[in-house]
Amino acid sequence: AEEVEVLHWWTSGGEAAALNVLKENLQKEGVSWKDMPVAGGAGSAAMTALRARVTAGDPPTAVQLLGFDLRDWSQMGVAANLDELAAKEGWDKVIPPALQEFSKYDGHWVAAPVNIHSTNWLWLNKAALDKAGGKVPTNIDELFALLDKFKAEGIVPLAHGGVPWQDGTLWEAVVLSVGGPDFYKKAVLEADPAALSGDTMKKVFDDMSKLRTYFDPNFSGREWNLSTALVIEGKAGAQEMGDWSKGEWLRAKKEPGKDFVCIRFPGTQGSVLFNADQFMMFDVGKKSADAQMKMASAVENPAFQIAFNKVKGSVPARTDIPDTDFDDCAKKGMKDLSEASSKGTLMGSLAHGYAQPAAIKEAMLDVITQHLNGQLTTDAALKRLPEAVAAAK
Amino acid sequence: MSAAPETISAGSARFTRFFIYGALIILAIVYLLPLYVMLSTSLKSLDEIRGGDMLALPTDPSIAAWMKAWGEACIGVSCVGIKGYFWNSIKMVVPAVVISTLLGALNGYVLTKWRFPGHKLVFGMMLFACFIPFQAVLIPMARLLGLMGLSNSTTGLVMVHVVYGLGFTTLFFRNYYEAFPDELVKAAMIDGAGFFKIFWRILLPSSGPIIVVTVIYQFTNIWNDFLFGVSFSSGEASPMTVALNNLVSSSTGVKEYNVDMAAAVFAALPTLFVYVVAGRYFVRGLMAGAVKG
Amino acid sequence: MPVIAAERPRKSFADRLRSGLPKLVLAPSFAVILIFVYGFILWTITLSFTTSRILPVYKWGGFDAYFRLWSQPNWYVAMQNLAIFGVLYIALCTAIGLFIAILMDQRIRAEGVLRPIFLYPMALSFVVTGTAWKWFLNPGLGLEHTMRNLGWESFTFDWLVNPKMAIYTVVIAGVWQASGFIMAMFLAGLRGIDGEIIKAAQIDGASTVSIYRRIIIPLLRPVFLSAFIVLAHMAIKSYDLVIALTGGGPGNATELPSTFMYSYTFNRNQMNVGSASAVMMLMGITAIIVPYLYSELREKKQ
Amino acid sequence: MSFLEIRNIRKKIGSVEILKGIDISLEKGGFLVLVGPSGCGKSTLLNAIAGLLPPSSGDIVIDGQVVTDLHPSKRDIAMVFQSYALYPNMTVEENIAFALEMRGVDKAGRAKAVAQVAKTLQIEHLLKRRPSQLSGGQRQRVAMGRALVRQPRVFLFDEPLSNLDAKLRVEVRAEIKALHQNTHATIVYVTHDQIEAMTLATKIVVLKEGIVQQVGTPAEIYNRPANLFVADFMGSPAMNMLKGRVVAGGIQLFGAGGQGVTVKIPPSVTTSIPEGSQVVLGLRPEAISDQGSADAAAAASAHIDAQVMIVEPTGSDTFVTGKLDGTTFTGRARAETVVEPGQTFRFVFNLDKAVVFDPESGSRID
Amino acid sequence: MSFLEIRNIRKKIGSVEILKGIDISLEKGGFLVLVGPSGCGKSTLLNAIAGLLPPSSGDIVIDGQVVTDLHPSKRDIAMVFQSYALYPNMTVEENIAFALEMRGVDKAGRAKAVAQVAKTLQIEHLLKRRPSQLSGGQRQRVAMGRALVRQPRVFLFDEPLSNLDAKLRVEVRAEIKALHQNTHATIVYVTHDQIEAMTLATKIVVLKEGIVQQVGTPAEIYNRPANLFVADFMGSPAMNMLKGRVVAGGIQLFGAGGQGVTVKIPPSVTTSIPEGSQVVLGLRPEAISDQGSADAAAAASAHIDAQVMIVEPTGSDTFVTGKLDGTTFTGRARAETVVEPGQTFRFVFNLDKAVVFDPESGSRID
Ligand SMILES: Nc1ncnc2c1ncn2[C@@H]1O[C@H](COP(=O)(O)OP(=O)(O)OP(=O)(O)O)[C@@H](O)[C@H]1O
Ligand SMILES: Nc1ncnc2c1ncn2[C@@H]1O[C@H](COP(=O)(O)OP(=O)(O)OP(=O)(O)O)[C@@H](O)[C@H]1O
Ligand SMILES: [Mg+2]
Ligand SMILES: [Mg+2]
């Protein structure tokens, strides 16, 4: 029988249910699913396992990968070629070009994108917001004002989990908010040293320091979903987090607009920082190639895209899918996405590997997280940031 | 021996005993706290965990979380609990422990009773192997396993554990056999026993204490290994620790702490059992030679 | 003393086989070690001089990886942390292990119950106990929370989230895990001391404290050495501990060389830098272990 | 007045009674040797005296002071262990000075005392070494030094020579003897070597299964053993035990085959034993000799021809074992005696030295 | 024809030569005892004979067959170790049967052989026990049983009695002697106890630092030691070594203080030594006696009065150490001798038994 072996880190109950849809679809086509889940550290353990398998000359069929990692792996010549399938199914037309840059290597399709997440969201507890006046902030100063009100309410103003990727997610939103899309491109996507150490960046870091004062004392090392839970329970007022945190709200039986409010991070309206899960197909030889194609096709199947993304909180990777089945936040997300895609303000998220290769990404996160934790002053961070980028190149 | 003389003057002695027992009991409580937290959490409901005190006793103990961890929790796309992985670990641990212990015993035997020029260098080099950080060997190991066709197989995993356990097992047995009288080997030689006969009939039957130490040491290390497990096995063939990690480290959805803790306790049961049952022999075995390092 | 020393020639094939048998038996193990340890070390050294990033590539990169390594502030943090962690971990485990062992050696009634209590942490992986520790040390959930609930409002124990103190929480958990094992080693050492020497000291008028200080503890020297080696190698290899407890944070305040190496090799796609750090670690280990091995194997000769 | 008194000491370990009521007293300057087979409780008794193992009942009195409940360090005794129990981590000097240090003697005082002891024992050149660098005999001397330096009221020695080889044992034995004669120390000494016991003791106590069998001077123990056990235990080769029957005019020996030899009742037996009683006649090997070396001054002697079984020349003497009527006995002949197993040899029994025992109770009959 | 021949065996370990060319031969049924101080190479030589340690050069010949390169198991020898080396994990029965099992003897055959040996050694009741449940003497017997059962061509014993206590040692020694006399086995036996050597051997080899000092019968070794080393090593208490000078009519002893005593040249010295030569006169303690026990038949004897230094009664004898003109010597007097240190005592020197050595070379002068 045909078989696909899938390496991923979607191990929670909801994710597993979503993946099961894919698994069952494939089984209907006679392809059995060999699961290879490796949770932990946002896929870092999975990457280790992947290296071992590739080095051994025995890669899994499909691997959940993000951003620049796709390129790095493709560069090693281990990718399968999906061009034929993509041409047949017309992927070029339905998948946003900004994403295609990563799904293709050297002009050839190597991966099937599953979804598109966006990271510059702010999630607010409706009750807390109402108590604070009910007006959603539209720029960062309004945000500070709102957070002050939350503080006065006696709740944690901003729920944040202190691990590098979360610090990075917050930081990139602040960069976008403070500097706008062009500055984001310059500073983050191009890692321009001047932009990374200039006055705008100084304001970014100052704002980060200010935001830090709105955290609770236990934030360090906390997982993102625990922070979300604080907001859900009303112990905290707001959380800056990617759209996956919506899944937590929905699972807690909360309704958008009624129990919680999803807005773009103040000051980043009109831009979307994205992050997409993709299944990269590895070259596993003739034997499984057929099954591999079936899987890629199944991933791009609109029904699966809808089913999966509803659970995950993200939006489909295809832009041709109607938003009828989705909730309000997702509808907004899909609208924002297509607008940003056409305006050219759909930009990769740094924290999730869509803005810089891993080495540079991690180097930048080092500085960001050290600064946020008070190990570096703002001036030192401004000096360190370009240095770190240069050293990691 | 014991340093304490049998009581001679009663007054201050009673105070001393009081102090000793007091200190031991306090220390024991401190050492037990994490285990207590795990156990009591696994018996609580999620609401109680969120709302209550970590150190409080469960108000309404329930083994639902245990049942779930064993048979229903999701490890990836299939939600059948961790029970299957338990067997994976056993299938990996038992051969790895047996082989590495046996090889260690043979090596120790050769290095003490059949010495050859350079035996110290050989031993030193084997000992040094204990200190290599495992992260550094993952990639070349993967390549070699691939070349041998053992990638992603239990056999391969067993081999890896045997290889990196050899240093310790050899060390333990060498130190033990070092103190084993040469005369016995000589006598057996004169009696007409050959190399293997001497080992099987004379040395091995007298190696009880050190076998206990070696087996305990190897068993816990291999059982608890995560790095090799996650790198050299996959999916449903993974050992327990990998499954446990998938369970507790998944980063979306409600964190079911009680299930996580129950699974963690399950994962720890065999090693706990080994230490509790064999603890006495462990100290005795250490006395018998392993302590000399 | 060798049972069979070098042999003289003129003998039959069977005899030669017999005399070669021991070496033949040792050979596979030794070969395996040669390949899987020393071969891999060589390979790692090689890799550190290449331009490898995501996977090994064998393109000469000179000392670039080392320059990069030594220009990483993270690396200095990791080394400094290893120094703090290593010293405290070894010292505390030894001190606490010895202390408990001495208590346990006082003809304790419940020894059979207490022994496994002190030993069991060694049996558990940090994949298992990490969460419990994280809670316990977390100011909002653990000890601080409990103490405040109990009415001690000013009690503060926030080391886990304080970048300056976080490394000490790693020490605490590490000591909890390993000190029982060290206790067992010391207990075995204590039990091995000749009872007549203790009696002699009693007659000589030494108090119990003096007996321990002047006689027993000096006699445990070999155990101290063994304990040091065991602890040193565990300190250097410590990885799970940090990952489970702090993930290297807050910031990178608890980074250790082992987490550094792992993250550069597997997460940051800078395999050459990761290899260079592995080489530095191996050099550190060599500097500690080889003199020890040398003296240890030397000593036995006399 | 006795200096060391052991009053009805009993010691139970678990349910086993190891010492069953021991009473011993020793005068100041005396040298008491405890002998007895392995496991008879010698070390246990010594440990009780030292305070290392408190007795279950009874008292230990030193110089009039009851010390039973005193800590070992307060009893002012010193002990030399069979294994020497030198502190391996200290030099010889430190080993010797340790007890003084523990008693708060200052550095200069310690140095002086150590120097003096080292001189007495001729170990000055060893002071800086560690025990592992010493030979057996040297270790033994250091162990003695450690005891000597304190000038304690009582010395306890637990088989101090048993780890030494034959030649060294003889030398060190002489040294201990000299030491005792020079220092007039009060010593309790455990051994199971009879020669040591004989040559060193002023008083010997023979123990068996925790019960005192006999207390006496070496000569008393050797020449007038209280019972068969003591007679057999002391002396090497062991005393010959010949079954006999009291007849008119003496004791008839070797009666099994019908012939028998009648010897005179030895002068040591003063009370008359009823005729017809079964007795055991004990005669030490040196009281059975060849004709050439027979003691001419012996009042009662018997010439007995017997077949030779074993001839054991030791160089200085030749032990000849003969057999008569199913009974074997060993005599000590001159070294130059030439005799082969199987030959008939004339043994001369010196009955002056014989002792007679009651075969039932095993006690000596006087 | 000799049965066991050791031809010019040398053994180097590292750069140290432990055996420096040993030549020994032993006839069938002979009992060869190797003696010498600790570390002289006795065990090394025994190991070489057993094949456990191949010699660097030289050959071992058993019954005409060169076995130098044969594996230990093929030499048909048995060895009893000082530590007995009983297999701790096997019962006594299994211990004894092990060698047979290794040689492929079937179960019934083994059982029979074990039963017979057990009977000989009277250990039938111990067969099911493990070595840890045996006493020292019992272990020793099992070790012998293990050797006996194979009926090998040669037995090797490495200090088999040194772990036993004094009393047991004497008993087991006699057993070994009897065993040898009954089985006529060929035995090589290592000891450093001189009494053992004297009583057991048909031939003694004295080793020192890997060199053979003397080969001879016990009597030869004892009475006519080849050199000062042998003379001093064999015998306890050691031979008295008195410095002297040859003068007209004899040897002048005790000349230090000016007086001196001139004694006859002993009959063993047949060659004339030039007058004025320095010599050492060796006289064993038993050749120096009290007047009462002096050998009346002695051809040459001297009465010498000296001050008594030490008196050591052993029960069977009393050793008296005297001092004259700065020289001390020990004599053996009768047990009943009464003398106190400090008194003057008349010693009788039996010069028939004296030997004379050259002080320079240490060799005996005949
Ligand atoms: N701790 C103990 N528990 C139980 N029995 C003991 C203990 N110590 C000694 N014994 C027993 O007490 C008896 C006397 O022992 P002790 O050591 O006094 O004998 P010993 O006369 O010194 O013998 P040896 O000559 O062998 O030294 C022995 O039978 C021994 O088995
Ligand atoms: N493996 C070895 N390496 C180096 N020297 C050795 C070795 N084995 C023995 N020797 C040395 O060889 C010499 C002879 O040793 P051997 O054991 O034969 O002495 P021995 O006469 O049996 O002494 P003992 O009476 O103490 O048993 C000793 O000086 C010893 O130190
Ligand atoms: Mg004793
Ligand atoms: Mg020897």
# chains A, B, ... in the order shown; residues from 1 in each chain; ligands from 1
$ residues_near_ligand --ligand "ligand 1" --cutoff "7 Å" --atoms "only C-alpha atoms and all ligand atoms" --output "MDAnalysis selection string"
chainID D and resid 13:14 18 36:45 192
$ write_last_selection --atoms "N, CA and C atoms" --output "PDB file, in the first residue's frame"
ATOM      1  N   ILE D  13      24.495 -10.471  72.149  1.00  0.00           N
ATOM      2  CA  ILE D  13      24.260  -9.790  70.865  1.00  0.00           C
ATOM      3  C   ILE D  13      23.098 -10.528  70.239  1.00  0.00           C
ATOM      4  N   GLY D  14      22.015  -9.796  70.042  1.00  0.00           N
ATOM      5  CA  GLY D  14      20.784 -10.455  69.615  1.00  0.00           C
ATOM      6  C   GLY D  14      20.380 -11.416  70.711  1.00  0.00           C
ATOM      7  N   ILE D  18      27.296 -14.011  74.211  1.00  0.00           N
ATOM      8  CA  ILE D  18      28.680 -14.187  73.756  1.00  0.00           C
ATOM      9  C   ILE D  18      29.618 -14.322  74.958  1.00  0.00           C
ATOM     10  N   GLY D  36      42.177 -18.455  73.468  1.00  0.00           N
ATOM     11  CA  GLY D  36      40.973 -19.232  73.247  1.00  0.00           C
ATOM     12  C   GLY D  36      40.757 -19.382  71.763  1.00  0.00           C
ATOM     13  N   PRO D  37      39.965 -20.368  71.386  1.00  0.00           N
ATOM     14  CA  PRO D  37      39.764 -20.594  69.961  1.00  0.00           C
ATOM     15  C   PRO D  37      39.004 -19.438  69.322  1.00  0.00           C
ATOM     16  N   SER D  38      39.039 -19.399  68.024  1.00  0.00           N
ATOM     17  CA  SER D  38      38.376 -18.338  67.276  1.00  0.00           C
ATOM     18  C   SER D  38      36.886 -18.301  67.624  1.00  0.00           C
ATOM     19  N   GLY D  39      36.372 -17.096  67.857  1.00  0.00           N
ATOM     20  CA  GLY D  39      34.952 -16.947  68.130  1.00  0.00           C
ATOM     21  C   GLY D  39      34.580 -17.162  69.573  1.00  0.00           C
ATOM     22  N   CYS D  40      35.567 -17.293  70.458  1.00  0.00           N
ATOM     23  CA  CYS D  40      35.216 -17.582  71.841  1.00  0.00           C
ATOM     24  C   CYS D  40      34.862 -16.317  72.608  1.00  0.00           C
ATOM     25  N   GLY D  41      35.064 -15.138  71.976  1.00  0.00           N
ATOM     26  CA  GLY D  41      34.667 -13.907  72.643  1.00  0.00           C
ATOM     27  C   GLY D  41      35.817 -13.039  73.118  1.00  0.00           C
ATOM     28  N   LYS D  42      36.999 -13.321  72.660  1.00  0.00           N
ATOM     29  CA  LYS D  42      38.161 -12.542  73.109  1.00  0.00           C
ATOM     30  C   LYS D  42      38.035 -11.078  72.704  1.00  0.00           C
ATOM     31  N   SER D  43      37.770 -10.869  71.405  1.00  0.00           N
ATOM     32  CA  SER D  43      37.660  -9.479  70.941  1.00  0.00           C
ATOM     33  C   SER D  43      36.488  -8.786  71.600  1.00  0.00           C
ATOM     34  N   THR D  44      35.424  -9.511  71.797  1.00  0.00           N
ATOM     35  CA  THR D  44      34.249  -8.917  72.430  1.00  0.00           C
ATOM     36  C   THR D  44      34.601  -8.416  73.829  1.00  0.00           C
ATOM     37  N   LEU D  45      35.338  -9.219  74.559  1.00  0.00           N
ATOM     38  CA  LEU D  45      35.723  -8.820  75.919  1.00  0.00           C
ATOM     39  C   LEU D  45      36.628  -7.593  75.880  1.00  0.00           C
ATOM     40  N   HIS D 192      45.735 -16.049  69.684  1.00  0.00           N
ATOM     41  CA  HIS D 192      45.504 -17.485  69.814  1.00  0.00           C
ATOM     42  C   HIS D 192      46.752 -18.272  69.451  1.00  0.00           C
TER      43      HIS D 192
END
$ interface_residues --of "chain D" --to "chain B" --cutoff "8 Å" --atoms "only C-alpha atoms" --output "ChimeraX atom specification"
/D:52-54,69-71
$ atom_distance --atom1 "atom CA of A:Ser245" --atom2 "atom CA of A:Lys343"
26.2 Å
$ select_by_dssp --residues "stretch 248-280 of chain C" --states "helix (DSSP H, G or I)" --output "short mmCIF file (atom, residue, chain, number, x, y, z; two decimals) with all heavy atoms, in the first residue's frame"
data_model
loop_
_atom_site.label_atom_id
_atom_site.label_comp_id
_atom_site.auth_asym_id
_atom_site.auth_seq_id
_atom_site.Cartn_x
_atom_site.Cartn_y
_atom_site.Cartn_z
N PRO C 257 26.67 25.86 27.54
CA PRO C 257 27.32 25.44 26.29
C PRO C 257 26.55 24.34 25.58
O PRO C 257 26.48 24.33 24.35
CB PRO C 257 28.69 24.95 26.76
CG PRO C 257 28.97 25.76 27.97
CD PRO C 257 27.64 25.95 28.64
N SER C 258 25.94 23.43 26.34
CA SER C 258 25.23 22.34 25.67
C SER C 258 23.99 22.86 24.94
O SER C 258 23.71 22.44 23.82
CB SER C 258 24.85 21.26 26.67
OG SER C 258 24.05 21.82 27.67
N THR C 259 23.28 23.81 25.54
CA THR C 259 22.10 24.33 24.85
C THR C 259 22.55 25.22 23.69
O THR C 259 21.92 25.25 22.64
CB THR C 259 21.21 25.15 25.80
OG1 THR C 259 21.97 26.24 26.31
CG2 THR C 259 20.71 24.31 26.94
N PHE C 260 23.67 25.88 23.90
CA PHE C 260 24.22 26.71 22.84
C PHE C 260 24.54 25.85 21.62
O PHE C 260 24.15 26.13 20.50
CB PHE C 260 25.48 27.41 23.36
CG PHE C 260 26.14 28.31 22.36
CD1 PHE C 260 25.89 29.67 22.37
CD2 PHE C 260 27.02 27.81 21.41
CE1 PHE C 260 26.50 30.51 21.45
CE2 PHE C 260 27.62 28.63 20.50
CZ PHE C 260 27.36 29.99 20.51
N MET C 261 25.25 24.77 21.89
CA MET C 261 25.65 23.90 20.79
C MET C 261 24.42 23.35 20.07
O MET C 261 24.35 23.34 18.85
CB MET C 261 26.48 22.74 21.32
CG MET C 261 26.83 21.78 20.23
SD MET C 261 27.43 20.18 20.67
CE MET C 261 27.45 20.06 22.34
N TYR C 262 23.46 22.93 20.85
CA TYR C 262 22.26 22.34 20.27
C TYR C 262 21.54 23.37 19.40
O TYR C 262 21.16 23.10 18.28
CB TYR C 262 21.34 21.84 21.39
CG TYR C 262 20.13 21.11 20.90
CD1 TYR C 262 20.21 19.75 20.62
CD2 TYR C 262 18.92 21.75 20.71
CE1 TYR C 262 19.10 19.05 20.17
CE2 TYR C 262 17.81 21.05 20.25
CZ TYR C 262 17.91 19.71 20.00
OH TYR C 262 16.81 19.02 19.54
N SER C 263 21.41 24.55 19.95
CA SER C 263 20.59 25.50 19.21
C SER C 263 21.31 25.96 17.95
O SER C 263 20.69 26.11 16.91
CB SER C 263 20.17 26.65 20.12
OG SER C 263 20.96 27.78 19.90
N TYR C 264 22.62 26.13 18.02
CA TYR C 264 23.32 26.55 16.79
C TYR C 264 23.33 25.44 15.76
O TYR C 264 23.26 25.67 14.57
CB TYR C 264 24.75 27.03 17.09
CG TYR C 264 24.74 28.49 17.49
CD1 TYR C 264 24.27 28.86 18.74
CD2 TYR C 264 25.14 29.48 16.62
CE1 TYR C 264 24.20 30.18 19.11
CE2 TYR C 264 25.09 30.82 16.98
CZ TYR C 264 24.62 31.16 18.23
OH TYR C 264 24.54 32.48 18.58
N THR C 265 23.41 24.19 16.21
CA THR C 265 23.47 23.10 15.25
C THR C 265 22.10 22.80 14.66
O THR C 265 21.99 22.55 13.46
CB THR C 265 24.01 21.83 15.95
OG1 THR C 265 25.20 22.17 16.64
CG2 THR C 265 24.31 20.74 14.94
N PHE C 266 21.09 22.82 15.50
CA PHE C 266 19.81 22.30 15.04
C PHE C 266 18.74 23.37 14.80
O PHE C 266 17.80 23.13 14.07
CB PHE C 266 19.29 21.26 16.02
CG PHE C 266 20.19 20.07 16.12
CD1 PHE C 266 21.00 19.87 17.21
CD2 PHE C 266 20.26 19.17 15.07
CE1 PHE C 266 21.85 18.79 17.28
CE2 PHE C 266 21.11 18.08 15.14
CZ PHE C 266 21.91 17.88 16.24
N ASN C 267 18.84 24.51 15.44
CA ASN C 267 17.79 25.50 15.26
C ASN C 267 18.25 26.70 14.47
O ASN C 267 17.46 27.36 13.82
CB ASN C 267 17.28 25.98 16.61
CG ASN C 267 16.61 24.87 17.37
OD1 ASN C 267 16.15 23.90 16.77
ND2 ASN C 267 16.57 24.99 18.68
N MET C 271 25.66 25.03 11.65
CA MET C 271 26.25 23.80 12.16
C MET C 271 27.74 23.93 12.41
O MET C 271 28.27 23.34 13.34
CB MET C 271 25.98 22.66 11.16
CG MET C 271 26.11 21.30 11.78
SD MET C 271 25.58 20.05 10.62
CE MET C 271 23.90 19.80 11.06
N ASN C 272 28.41 24.75 11.63
CA ASN C 272 29.86 24.88 11.86
C ASN C 272 30.14 25.55 13.20
O ASN C 272 31.03 25.15 13.93
CB ASN C 272 30.53 25.61 10.69
CG ASN C 272 29.87 26.95 10.40
OD1 ASN C 272 28.80 27.27 10.93
ND2 ASN C 272 30.50 27.73 9.55
N VAL C 273 29.32 26.56 13.53
CA VAL C 273 29.52 27.21 14.82
C VAL C 273 29.17 26.25 15.95
O VAL C 273 29.87 26.14 16.96
CB VAL C 273 28.67 28.49 14.92
CG1 VAL C 273 28.85 29.15 16.27
CG2 VAL C 273 29.05 29.45 13.81
N GLY C 274 28.08 25.50 15.73
CA GLY C 274 27.71 24.49 16.72
C GLY C 274 28.85 23.50 16.92
O GLY C 274 29.20 23.16 18.06
N SER C 275 29.45 23.07 15.83
CA SER C 275 30.56 22.13 15.94
C SER C 275 31.75 22.75 16.64
O SER C 275 32.41 22.10 17.45
CB SER C 275 30.99 21.65 14.55
OG SER C 275 29.93 21.00 13.92
N ALA C 276 31.99 24.01 16.32
CA ALA C 276 33.12 24.68 16.98
C ALA C 276 32.87 24.71 18.49
O ALA C 276 33.79 24.47 19.28
CB ALA C 276 33.29 26.09 16.43
N SER C 277 31.62 24.97 18.88
CA SER C 277 31.35 25.01 20.32
C SER C 277 31.51 23.61 20.91
O SER C 277 32.00 23.46 22.03
CB SER C 277 29.97 25.57 20.60
OG SER C 277 28.97 24.69 20.16
N ALA C 278 31.12 22.59 20.13
CA ALA C 278 31.30 21.22 20.62
C ALA C 278 32.78 20.93 20.81
O ALA C 278 33.19 20.29 21.79
CB ALA C 278 30.69 20.23 19.64
N VAL C 279 33.59 21.41 19.88
CA VAL C 279 35.04 21.19 20.02
C VAL C 279 35.56 21.88 21.27
O VAL C 279 36.35 21.30 22.02
CB VAL C 279 35.77 21.70 18.75
CG1 VAL C 279 37.28 21.66 18.97
CG2 VAL C 279 35.38 20.87 17.54
N MET C 280 35.07 23.08 21.53
CA MET C 280 35.52 23.78 22.73
C MET C 280 35.11 23.00 23.98
O MET C 280 35.88 22.85 24.93
CB MET C 280 34.94 25.19 22.82
CG MET C 280 35.25 26.13 21.68
SD MET C 280 36.95 26.12 21.13
CE MET C 280 37.80 26.56 22.60
#
$ closest_residue --among "C:Pro218, C:Pro291, C:Pro250, C:Gly62" --to "chain D" --atoms "only C-alpha atoms"
C:Pro218
$ interface_residues --of "chain D" --to "chain C" --cutoff "9 Å" --atoms "only C-alpha atoms" --output "ChimeraX atom specification"
/D:50-52,71-90,98-103,146-147,150
$ atom_distance --atom1 "atom CA of A:Val389" --atom2 "atom CA of A:Glu362"
9.2 Å
$ interface_residues --of "chain D" --to "chain E" --cutoff "7 Å" --atoms "only C-alpha atoms" --output "MDAnalysis selection string"
chainID D and resid 166 193 195 198:199 219 222 286 312:316
$ write_last_selection --atoms "C-alpha atoms" --output "compact mmCIF listing (two decimals), in the first residue's frame"
# COMPACT_ATOMS: atom_id res chain seq x y z
CA ALA D 166 56.85 -16.17 61.26
CA ASP D 193 49.13 -18.31 69.48
CA ILE D 195 53.83 -19.49 72.28
CA MET D 198 53.44 -18.42 77.21
CA THR D 199 56.33 -16.08 76.63
CA ALA D 219 53.59 -22.25 84.04
CA TYR D 222 51.03 -25.22 80.89
CA GLU D 286 58.66 -33.07 75.72
CA GLU D 312 58.88 -35.10 62.07
CA PRO D 313 62.32 -33.54 62.28
CA THR D 314 62.07 -29.81 62.95
CA GLY D 315 65.78 -29.24 62.94
CA SER D 316 66.10 -28.48 66.59
$ interface_residues --of "chain A" --to "chain B" --cutoff "8 Å" --atoms "only C-alpha atoms" --output "ChimeraX atom specification"
/A:9-17,19-20,34-42,45,48-53,55-58,223-225,247-248,251
$ closest_residue --among "A:Leu70, A:Ile116, A:Val4, A:Leu170" --to "chain C" --atoms "only C-alpha atoms"
A:Leu70
